[in-house]
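work08.csv follows (CSV, C-alpha atoms):
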chain,number,residue,atom,x,y,z
A,1,MET,CA,0.0,0.0,0.0
A,2,SER,CA,1.2,3.5,-0.9
A,3,ARG,CA,1.5,5.7,2.2
A,4,VAL,CA,-0.2,9.1,2.0
A,5,ILE,CA,-0.1,12.3,4.2
A,6,VAL,CA,-2.6,15.0,3.5
A,7,TYR,CA,-1.6,18.7,4.1
A,8,ILE,CA,-4.6,21.1,4.3
A,9,ASP,CA,-4.3,24.8,4.0
A,10,GLY,CA,-7.2,25.7,6.3
A,11,PHE,CA,-7.7,29.3,5.3
A,12,ASN,CA,-7.3,28.6,1.5
A,13,LEU,CA,-10.0,25.9,1.8
A,14,TYR,CA,-12.3,28.1,4.0
A,15,HIS,CA,-12.1,31.0,1.6
A,16,GLY,CA,-12.8,28.8,-1.4
A,17,LEU,CA,-15.9,27.4,0.3
A,18,ARG,CA,-16.9,31.0,1.3
A,19,GLU,CA,-16.6,32.3,-2.3
A,20,LYS,CA,-18.5,29.3,-3.6
A,21,LYS,CA,-21.2,30.1,-0.9
A,22,TRP,CA,-21.0,26.6,0.4
A,23,ARG,CA,-21.4,27.5,4.1
A,24,CYS,CA,-23.2,24.2,4.6
A,25,PHE,CA,-19.9,22.4,4.2
A,26,TYR,CA,-17.9,24.4,6.8
A,27,TRP,CA,-18.5,21.6,9.4
A,28,LEU,CA,-15.9,19.6,7.5
A,29,ASN,CA,-14.3,16.4,8.9
A,30,VAL,CA,-10.8,16.8,7.4
A,31,HIS,CA,-9.8,13.2,8.1
A,32,GLN,CA,-12.8,11.9,6.2
A,33,LEU,CA,-12.0,14.4,3.4
A,34,ALA,CA,-8.5,13.1,3.2
A,35,ASP,CA,-9.7,9.5,3.2
A,36,ASN,CA,-12.1,10.4,0.4
A,37,LEU,CA,-9.3,11.8,-1.7
A,38,LEU,CA,-7.3,8.5,-1.7
A,39,LYS,CA,-7.1,5.9,-4.4
A,40,PRO,CA,-7.9,2.2,-3.5
A,41,HIS,CA,-4.2,1.3,-3.3
A,42,GLN,CA,-3.4,4.1,-0.9
A,43,HIS,CA,-3.3,4.2,2.9
A,44,LEU,CA,-3.8,7.4,4.9
A,45,ILE,CA,-0.9,7.9,7.4
A,46,SER,CA,-1.9,11.2,8.8
A,47,VAL,CA,-3.6,14.6,8.2
A,48,ARG,CA,-1.8,17.9,8.9
A,49,TYR,CA,-4.2,20.9,9.1
A,50,PHE,CA,-2.7,24.3,9.0
A,51,THR,CA,-4.5,27.3,10.3
A,52,ALA,CA,-4.4,30.3,12.7
A,53,ARG,CA,-6.6,31.2,15.6
A,54,ILE,CA,-8.5,34.4,14.5
A,55,SER,CA,-8.6,37.5,16.7
A,56,ALA,CA,-11.7,39.5,17.8
A,57,SER,CA,-12.1,43.0,19.1
A,58,SER,CA,-13.8,43.1,22.5
A,59,ASP,CA,-16.5,45.4,21.1
A,60,ASN,CA,-17.2,43.7,17.8
A,61,ILE,CA,-20.0,41.1,18.3
A,62,GLN,CA,-19.6,39.7,14.8
A,63,GLU,CA,-15.9,39.0,15.3
A,64,LYS,CA,-16.5,37.4,18.6
A,65,GLU,CA,-19.1,35.1,17.2
A,66,LYS,CA,-16.8,34.2,14.3
A,67,LYS,CA,-14.0,33.4,16.8
A,68,LYS,CA,-16.4,31.3,18.8
A,69,ARG,CA,-17.5,29.3,15.8
A,70,GLN,CA,-13.8,28.7,14.8
A,71,THR,CA,-13.0,27.5,18.4
A,72,ILE,CA,-15.9,25.0,18.2
A,73,TYR,CA,-14.6,23.7,14.9
A,74,LEU,CA,-11.0,23.4,16.0
A,75,ASP,CA,-12.1,21.5,19.1
A,76,ALA,CA,-14.0,19.2,16.8
A,77,LEU,CA,-10.9,18.7,14.6
A,78,ALA,CA,-9.0,17.8,17.8
A,79,THR,CA,-11.1,14.7,18.2
A,80,LEU,CA,-10.0,13.2,14.9
A,81,PRO,CA,-7.5,10.4,14.8
A,82,ASP,CA,-4.0,10.9,13.2
A,83,THR,CA,-4.8,14.6,12.6
A,84,ASN,CA,-2.4,17.3,13.7
A,85,LEU,CA,-3.3,21.0,13.9
A,86,ILE,CA,-0.4,23.4,13.1
A,87,PHE,CA,-1.0,27.0,13.9
A,88,GLY,CA,0.4,30.1,12.2
A,89,ARG,CA,-0.4,33.7,13.3
A,90,TYR,CA,-3.4,36.0,12.6
A,91,LEU,CA,-2.2,39.6,12.6
A,92,PRO,CA,-3.9,43.0,12.3
A,93,LYS,CA,-3.2,45.0,9.2
A,94,LYS,CA,-4.1,48.6,8.5
A,95,ARG,CA,-5.6,49.6,5.1
A,96,LYS,CA,-6.3,53.0,3.7
A,97,CYS,CA,-8.7,54.3,1.1
A,98,ALA,CA,-6.7,55.9,-1.8
A,99,ASN,CA,-9.5,58.4,-2.4
A,100,CYS,CA,-10.4,59.6,1.1
A,101,ASN,CA,-7.5,58.4,3.2
A,102,TRP,CA,-10.0,56.6,5.6
A,103,GLU,CA,-8.2,53.9,7.5
A,104,TRP,CA,-9.5,50.6,8.8
A,105,LYS,CA,-8.2,47.4,10.3
A,106,THR,CA,-8.3,44.0,8.7
A,107,TYR,CA,-6.5,40.8,9.6
A,108,GLU,CA,-4.0,38.7,7.8
A,109,GLU,CA,-3.1,35.0,8.3
A,110,LYS,CA,0.7,34.4,8.4
A,111,LYS,CA,3.1,31.5,8.3
A,112,THR,CA,0.8,28.8,6.9
A,113,ASP,CA,2.7,28.5,3.6
A,114,VAL,CA,6.0,28.3,5.4
A,115,ASN,CA,4.6,25.7,7.9
A,116,ILE,CA,3.3,23.6,5.1
A,117,ALA,CA,6.6,23.8,3.2
A,118,VAL,CA,8.6,22.9,6.2
A,119,SER,CA,6.4,19.9,7.0
A,120,LEU,CA,6.5,18.6,3.5
A,121,LEU,CA,10.3,18.8,3.3
A,122,ILE,CA,10.8,17.2,6.7
A,123,ASP,CA,8.3,14.4,6.0
A,124,ALA,CA,9.9,13.8,2.6
A,125,GLN,CA,13.4,13.7,4.1
A,126,ASP,CA,12.3,11.3,6.9
A,127,ASP,CA,10.5,9.1,4.3
A,128,GLU,CA,7.1,9.5,6.0
A,129,PHE,CA,5.1,9.3,2.8
A,130,ASP,CA,5.1,7.9,-0.7
A,131,THR,CA,2.5,10.4,-1.9
A,132,ALA,CA,1.7,13.8,-0.4
A,133,ILE,CA,-1.7,15.5,-1.1
A,134,VAL,CA,-1.7,19.2,-0.7
A,135,VAL,CA,-5.1,20.8,-0.3
A,136,SER,CA,-4.3,24.4,-1.4
A,137,ALA,CA,-4.0,26.7,-4.4
A,138,ASP,CA,-1.3,28.9,-2.9
A,139,SER,CA,1.4,29.2,-5.6
A,140,ASP,CA,3.9,30.0,-2.8
A,141,LEU,CA,4.0,26.2,-2.3
A,142,THR,CA,5.5,25.7,-5.8
A,143,PRO,CA,9.2,25.9,-4.8
A,144,PRO,CA,9.0,23.3,-2.0
A,145,ILE,CA,6.9,20.9,-4.1
A,146,ASP,CA,9.4,21.3,-7.0
A,147,ALA,CA,12.3,20.7,-4.6
A,148,ILE,CA,10.8,17.5,-3.2
A,149,LEU,CA,10.1,16.0,-6.6
A,150,ARG,CA,13.6,16.8,-7.8
A,151,ARG,CA,15.3,15.5,-4.7
A,152,TYR,CA,13.0,12.5,-4.2
A,153,PRO,CA,11.9,11.4,-7.7
A,154,GLU,CA,10.3,8.3,-6.3
A,155,LYS,CA,7.8,10.3,-4.4
A,156,ARG,CA,4.6,12.0,-5.7
A,157,VAL,CA,3.0,15.3,-4.6
A,158,VAL,CA,-0.6,15.8,-5.7
A,159,VAL,CA,-2.4,19.1,-5.4
A,160,ALA,CA,-6.1,19.1,-4.5
A,161,PHE,CA,-7.6,22.5,-5.3
A,162,PRO,CA,-10.4,23.8,-3.0
A,163,PRO,CA,-13.6,25.1,-4.6
A,164,LYS,CA,-13.1,28.4,-6.5
A,165,ARG,CA,-9.3,27.9,-6.2
A,166,TYR,CA,-6.7,27.1,-8.9
A,167,SER,CA,-3.0,27.7,-9.6
A,168,ASN,CA,-1.5,27.0,-12.9
A,169,GLU,CA,2.0,27.1,-11.3
A,170,LEU,CA,1.1,24.3,-8.9
A,171,LYS,CA,-0.6,22.3,-11.6
A,172,LYS,CA,2.6,22.4,-13.7
A,173,VAL,CA,5.0,21.4,-11.0
A,174,ALA,CA,2.9,18.7,-9.2
A,175,SER,CA,2.8,15.0,-10.0
A,176,GLY,CA,-1.0,15.3,-10.4
A,177,TRP,CA,-3.9,17.5,-9.5
A,178,LEU,CA,-7.7,17.5,-8.9
A,179,SER,CA,-10.4,19.8,-7.8
A,180,ILE,CA,-12.5,19.0,-4.7
A,181,ASP,CA,-16.1,18.8,-5.7
A,182,ARG,CA,-19.4,19.1,-3.9
A,183,ILE,CA,-20.0,15.3,-3.7
A,184,THR,CA,-16.7,14.8,-1.9
A,185,LEU,CA,-17.4,17.7,0.6
A,186,LYS,CA,-20.9,16.5,1.3
A,187,SER,CA,-19.6,13.0,2.1
A,188,SER,CA,-16.9,14.4,4.4
A,189,GLN,CA,-19.1,16.2,7.0
A,190,PHE,CA,-19.1,15.8,10.8
A,191,PRO,CA,-22.3,14.6,12.4
A,192,LYS,CA,-24.2,17.6,13.9
A,193,HIS,CA,-22.9,16.7,17.3
A,194,VAL,CA,-19.3,15.7,18.0
A,195,GLU,CA,-18.2,14.1,21.3
A,196,THR,CA,-14.9,15.2,22.8
A,197,THR,CA,-12.6,12.9,24.8
A,198,ASN,CA,-14.1,14.3,28.1
A,199,GLY,CA,-17.6,13.5,27.1
A,200,PHE,CA,-18.6,17.0,26.1
A,201,PHE,CA,-20.7,17.4,22.9
A,202,LEU,CA,-19.8,20.1,20.3
A,203,GLN,CA,-22.7,21.2,18.2
A,204,GLN,CA,-22.4,22.4,14.6
A,205,PRO,CA,-22.8,26.2,14.6
A,206,GLN,CA,-26.3,27.2,13.6
A,207,LYS,CA,-25.0,29.6,11.0
A,208,TRP,CA,-23.3,26.7,9.1
A,209,THR,CA,-26.4,24.6,8.7

Any chance you could give the structure as structure tokens?
Amino acid sequence: MSRVIVYIDGFNLYHGLREKKWRCFYWLNVHQLADNLLKPHQHLISVRYFTARISASSDNIQEKEKKKRQTIYLDALATLPDTNLIFGRYLPKKRKCANCNWEWKTYEEKKTDVNIAVSLLIDAQDDEFDTAIVVSADSDLTPPIDAILRRYPEKRVVVAFPPKRYSNELKKVASGWLSIDRITLKSSQFPKHVETTNGFFLQQPQKWT
């Protein structure tokens, strides 16, 4: 059996679902998703999910609710077998209107592409996988994928593009590629209630139903 590790760019996947307006698929069991991406001759070794904990202003109700939903989801992911959560940073960023000079604050996720690249390279060097599946369309991952395939020609790196996401650079360098479709997402959902190791039940956020 061919050994597979799946690397998921959490924000890239989330924003693809958001642009597609597939909120109903946010309650995503990433281990099941990874398993659904495998071929019959492949065996799932582990899933690495890369994300960042979002920030919320104390006086912004919408931000606080969004953070609460993310916390519930991350707690649900923590119940999954052979699934590692790797966190980057979520940093504030000032923006300014070119016409009126009005300033406002947004947030930017940092370090995910670097964390994925490092994990891919270390796992390849340690011979942890025969095939890596990278769920992302971030073209910044092109150099590490290219390096792995040149240094370890016996290995394969397949790119799985989230909905509404695509990179021609990644397509060209990868061993293969696919687009994650609605059927795959629908069959990769958590049940509405997820039990934690201490017996507490997490409920799918109402806004995601």

TODO: Determine the nearest neighbour of Asp138 in chain A from the options A:Thr79, A:Ser2, A:Ser167, A:Thr112, counting all atoms listed in the file.
DONE: A:Ser167

Task: Contacts of Phe161 in chain A within 12 Å, only C-alpha atoms, excl. fewer than 2 positions in-chain, as a PyMOL selection string - done: chain A and resi 7-9+12-17+37+133-139+158-159+163-168+170-171+174+176-181

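When only C-alpha atoms are used to compute distances to Ala132 in chain A, the closest of the residues A:Met1, A:Ile61, A:Ile45, A:Ala52 turns out to be A:Ile45.
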
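By all atoms listed in the file, and with residues fewer than 6 positions from range 187-197 of chain A along its chain excluded, the set lying at most 10 Å from it is Cys24, Phe25, Tyr26, Trp27, Leu28, Asn29, Val30, His31, Gln32, Leu33, Ala34, Asp35, Asn36, Ile72, Tyr73, Asp75, Ala76, Leu77, Ala78, Thr79, Leu80, Gln203, Gln204, Pro205, Gln206 and Thr209 of chain A.
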
Writer output for current selection, C-alpha atoms, as a PDB file, in the frame of the given file:
ATOM      1  CA  CYS A  24     -23.200  24.200   4.600  1.00  0.00           C
ATOM      2  CA  PHE A  25     -19.900  22.400   4.200  1.00  0.00           C
ATOM      3  CA  TYR A  26     -17.900  24.400   6.800  1.00  0.00           C
ATOM      4  CA  TRP A  27     -18.500  21.600   9.400  1.00  0.00           C
ATOM      5  CA  LEU A  28     -15.900  19.600   7.500  1.00  0.00           C
ATOM      6  CA  ASN A  29     -14.300  16.400   8.900  1.00  0.00           C
ATOM      7  CA  VAL A  30     -10.800  16.800   7.400  1.00  0.00           C
ATOM      8  CA  HIS A  31      -9.800  13.200   8.100  1.00  0.00           C
ATOM      9  CA  GLN A  32     -12.800  11.900   6.200  1.00  0.00           C
ATOM     10  CA  LEU A  33     -12.000  14.400   3.400  1.00  0.00           C
ATOM     11  CA  ALA A  34      -8.500  13.100   3.200  1.00  0.00           C
ATOM     12  CA  ASP A  35      -9.700   9.500   3.200  1.00  0.00           C
ATOM     13  CA  ASN A  36     -12.100  10.400   0.400  1.00  0.00           C
ATOM     14  CA  ILE A  72     -15.900  25.000  18.200  1.00  0.00           C
ATOM     15  CA  TYR A  73     -14.600  23.700  14.900  1.00  0.00           C
ATOM     16  CA  ASP A  75     -12.100  21.500  19.100  1.00  0.00           C
ATOM     17  CA  ALA A  76     -14.000  19.200  16.800  1.00  0.00           C
ATOM     18  CA  LEU A  77     -10.900  18.700  14.600  1.00  0.00           C
ATOM     19  CA  ALA A  78      -9.000  17.800  17.800  1.00  0.00           C
ATOM     20  CA  THR A  79     -11.100  14.700  18.200  1.00  0.00           C
ATOM     21  CA  LEU A  80     -10.000  13.200  14.900  1.00  0.00           C
ATOM     22  CA  GLN A 203     -22.700  21.200  18.200  1.00  0.00           C
ATOM     23  CA  GLN A 204     -22.400  22.400  14.600  1.00  0.00           C
ATOM     24  CA  PRO A 205     -22.800  26.200  14.600  1.00  0.00           C
ATOM     25  CA  GLN A 206     -26.300  27.200  13.600  1.00  0.00           C
ATOM     26  CA  THR A 209     -26.400  24.600   8.700  1.00  0.00           C
TER      27      THR A 209
END

Task: Residue among A:Phe87, A:Trp22, A:Tyr152, A:Phe129 lying closest to Arg182 in chain A, counting only C-alpha atoms - done: A:Trp22

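From CA of Leu74 in chain A back to CA of Asn198 in chain A, the distance works out to 15.5 Å.
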
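A straight line drawn from CA of Arg18 in chain A to CA of Lys186 in chain A is 15.0 Å long.
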
Task: Distance of CA of Arg48 in chain A from CA of Thr83 in chain A, expressed in Å to one decimal place - done: 5.8 Å

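Among the candidates A:Lys67, A:Arg23, A:Lys155, A:Lys172, the residue lying nearest to Arg3 in chain A is A:Lys155 (atoms considered: only C-alpha atoms).
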
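Proximity ranking of A:Ala124, A:Val47, A:Ala56, A:Val114 relative to Val157 in chain A places A:Ala124 first, based on all atoms listed in the file.
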
Open item on the list: Could you check which residues have any atom within 9 Å of (-23.7, 32.4, 13.4), counting all atoms listed in the file with coordinates taken straight from the file, and then list them as a ChimeraX atom specification?
Closed with: /A:62,65-66,69,205-208

TODO: Determine the nearest neighbour of Gln42 in chain A from the options A:Ile145, A:Val4, A:Asp126, A:Glu169, counting all atoms listed in the file.
DONE: A:Val4

Expected file content for range 14-165 of chain A, C-alpha atoms, as a tab-separated table (two decimals), in the first residue's frame:
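Ended up saving to out.tsv:
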chain	number	residue	atom	x	y	z
A	14	TYR	CA	-12.27	28.06	3.97
A	15	HIS	CA	-12.14	31.04	1.60
A	16	GLY	CA	-12.81	28.77	-1.36
A	17	LEU	CA	-15.93	27.42	0.35
A	18	ARG	CA	-16.93	30.97	1.28
A	19	GLU	CA	-16.58	32.28	-2.28
A	20	LYS	CA	-18.54	29.29	-3.56
A	21	LYS	CA	-21.19	30.10	-0.93
A	22	TRP	CA	-20.99	26.56	0.41
A	23	ARG	CA	-21.38	27.49	4.08
A	24	CYS	CA	-23.20	24.21	4.62
A	25	PHE	CA	-19.86	22.42	4.16
A	26	TYR	CA	-17.89	24.40	6.78
A	27	TRP	CA	-18.49	21.61	9.36
A	28	LEU	CA	-15.89	19.57	7.53
A	29	ASN	CA	-14.31	16.39	8.87
A	30	VAL	CA	-10.85	16.82	7.36
A	31	HIS	CA	-9.79	13.25	8.15
A	32	GLN	CA	-12.78	11.94	6.22
A	33	LEU	CA	-12.05	14.41	3.42
A	34	ALA	CA	-8.48	13.14	3.24
A	35	ASP	CA	-9.67	9.53	3.17
A	36	ASN	CA	-12.13	10.37	0.38
A	37	LEU	CA	-9.29	11.76	-1.74
A	38	LEU	CA	-7.35	8.49	-1.66
A	39	LYS	CA	-7.09	5.86	-4.39
A	40	PRO	CA	-7.91	2.21	-3.54
A	41	HIS	CA	-4.21	1.27	-3.34
A	42	GLN	CA	-3.39	4.11	-0.92
A	43	HIS	CA	-3.30	4.19	2.88
A	44	LEU	CA	-3.79	7.37	4.91
A	45	ILE	CA	-0.95	7.87	7.40
A	46	SER	CA	-1.95	11.24	8.81
A	47	VAL	CA	-3.56	14.62	8.16
A	48	ARG	CA	-1.84	17.93	8.85
A	49	TYR	CA	-4.24	20.87	9.11
A	50	PHE	CA	-2.66	24.33	8.95
A	51	THR	CA	-4.54	27.35	10.25
A	52	ALA	CA	-4.39	30.28	12.69
A	53	ARG	CA	-6.64	31.23	15.55
A	54	ILE	CA	-8.52	34.36	14.54
A	55	SER	CA	-8.63	37.48	16.68
A	56	ALA	CA	-11.66	39.46	17.76
A	57	SER	CA	-12.11	42.98	19.08
A	58	SER	CA	-13.82	43.05	22.46
A	59	ASP	CA	-16.49	45.44	21.14
A	60	ASN	CA	-17.15	43.66	17.84
A	61	ILE	CA	-19.96	41.13	18.27
A	62	GLN	CA	-19.58	39.67	14.77
A	63	GLU	CA	-15.87	39.04	15.25
A	64	LYS	CA	-16.49	37.44	18.64
A	65	GLU	CA	-19.14	35.13	17.18
A	66	LYS	CA	-16.84	34.19	14.30
A	67	LYS	CA	-14.05	33.38	16.75
A	68	LYS	CA	-16.44	31.27	18.83
A	69	ARG	CA	-17.47	29.26	15.76
A	70	GLN	CA	-13.83	28.68	14.83
A	71	THR	CA	-13.02	27.51	18.37
A	72	ILE	CA	-15.87	24.99	18.25
A	73	TYR	CA	-14.62	23.74	14.89
A	74	LEU	CA	-11.00	23.43	16.01
A	75	ASP	CA	-12.15	21.51	19.09
A	76	ALA	CA	-14.04	19.16	16.77
A	77	LEU	CA	-10.93	18.66	14.63
A	78	ALA	CA	-8.96	17.82	17.77
A	79	THR	CA	-11.14	14.70	18.22
A	80	LEU	CA	-10.00	13.21	14.89
A	81	PRO	CA	-7.46	10.36	14.77
A	82	ASP	CA	-4.05	10.90	13.19
A	83	THR	CA	-4.81	14.59	12.65
A	84	ASN	CA	-2.36	17.31	13.66
A	85	LEU	CA	-3.27	21.00	13.92
A	86	ILE	CA	-0.41	23.36	13.09
A	87	PHE	CA	-0.98	27.02	13.89
A	88	GLY	CA	0.36	30.13	12.24
A	89	ARG	CA	-0.43	33.70	13.25
A	90	TYR	CA	-3.40	36.00	12.64
A	91	LEU	CA	-2.17	39.58	12.59
A	92	PRO	CA	-3.91	42.96	12.27
A	93	LYS	CA	-3.19	44.99	9.15
A	94	LYS	CA	-4.09	48.62	8.45
A	95	ARG	CA	-5.65	49.58	5.13
A	96	LYS	CA	-6.25	53.04	3.70
A	97	CYS	CA	-8.67	54.28	1.05
A	98	ALA	CA	-6.71	55.87	-1.80
A	99	ASN	CA	-9.46	58.41	-2.40
A	100	CYS	CA	-10.44	59.64	1.06
A	101	ASN	CA	-7.53	58.37	3.24
A	102	TRP	CA	-9.96	56.63	5.58
A	103	GLU	CA	-8.17	53.89	7.51
A	104	TRP	CA	-9.55	50.62	8.79
A	105	LYS	CA	-8.17	47.43	10.30
A	106	THR	CA	-8.27	44.00	8.71
A	107	TYR	CA	-6.51	40.78	9.64
A	108	GLU	CA	-4.01	38.67	7.76
A	109	GLU	CA	-3.07	35.04	8.32
A	110	LYS	CA	0.68	34.43	8.37
A	111	LYS	CA	3.13	31.50	8.30
A	112	THR	CA	0.81	28.82	6.89
A	113	ASP	CA	2.66	28.49	3.58
A	114	VAL	CA	6.00	28.30	5.43
A	115	ASN	CA	4.63	25.74	7.90
A	116	ILE	CA	3.31	23.57	5.06
A	117	ALA	CA	6.59	23.82	3.16
A	118	VAL	CA	8.65	22.86	6.22
A	119	SER	CA	6.37	19.90	7.05
A	120	LEU	CA	6.47	18.65	3.46
A	121	LEU	CA	10.25	18.83	3.28
A	122	ILE	CA	10.83	17.21	6.68
A	123	ASP	CA	8.33	14.40	5.99
A	124	ALA	CA	9.91	13.75	2.59
A	125	GLN	CA	13.41	13.65	4.08
A	126	ASP	CA	12.26	11.32	6.85
A	127	ASP	CA	10.49	9.10	4.28
A	128	GLU	CA	7.12	9.47	6.01
A	129	PHE	CA	5.07	9.28	2.79
A	130	ASP	CA	5.07	7.90	-0.73
A	131	THR	CA	2.48	10.45	-1.85
A	132	ALA	CA	1.68	13.83	-0.38
A	133	ILE	CA	-1.68	15.45	-1.14
A	134	VAL	CA	-1.66	19.22	-0.68
A	135	VAL	CA	-5.09	20.83	-0.32
A	136	SER	CA	-4.35	24.40	-1.40
A	137	ALA	CA	-4.02	26.67	-4.41
A	138	ASP	CA	-1.31	28.86	-2.90
A	139	SER	CA	1.37	29.24	-5.57
A	140	ASP	CA	3.94	30.00	-2.82
A	141	LEU	CA	4.04	26.23	-2.32
A	142	THR	CA	5.46	25.71	-5.82
A	143	PRO	CA	9.17	25.88	-4.79
A	144	PRO	CA	9.01	23.30	-1.95
A	145	ILE	CA	6.94	20.91	-4.08
A	146	ASP	CA	9.39	21.28	-6.96
A	147	ALA	CA	12.33	20.71	-4.59
A	148	ILE	CA	10.80	17.52	-3.16
A	149	LEU	CA	10.08	16.03	-6.59
A	150	ARG	CA	13.59	16.80	-7.84
A	151	ARG	CA	15.31	15.52	-4.70
A	152	TYR	CA	13.04	12.48	-4.18
A	153	PRO	CA	11.90	11.45	-7.70
A	154	GLU	CA	10.30	8.27	-6.34
A	155	LYS	CA	7.75	10.33	-4.40
A	156	ARG	CA	4.59	12.03	-5.66
A	157	VAL	CA	2.98	15.31	-4.65
A	158	VAL	CA	-0.62	15.77	-5.75
A	159	VAL	CA	-2.42	19.10	-5.43
A	160	ALA	CA	-6.13	19.12	-4.52
A	161	PHE	CA	-7.62	22.51	-5.31
A	162	PRO	CA	-10.37	23.79	-2.99
A	163	PRO	CA	-13.58	25.09	-4.59
A	164	LYS	CA	-13.07	28.38	-6.48
A	165	ARG	CA	-9.30	27.94	-6.16
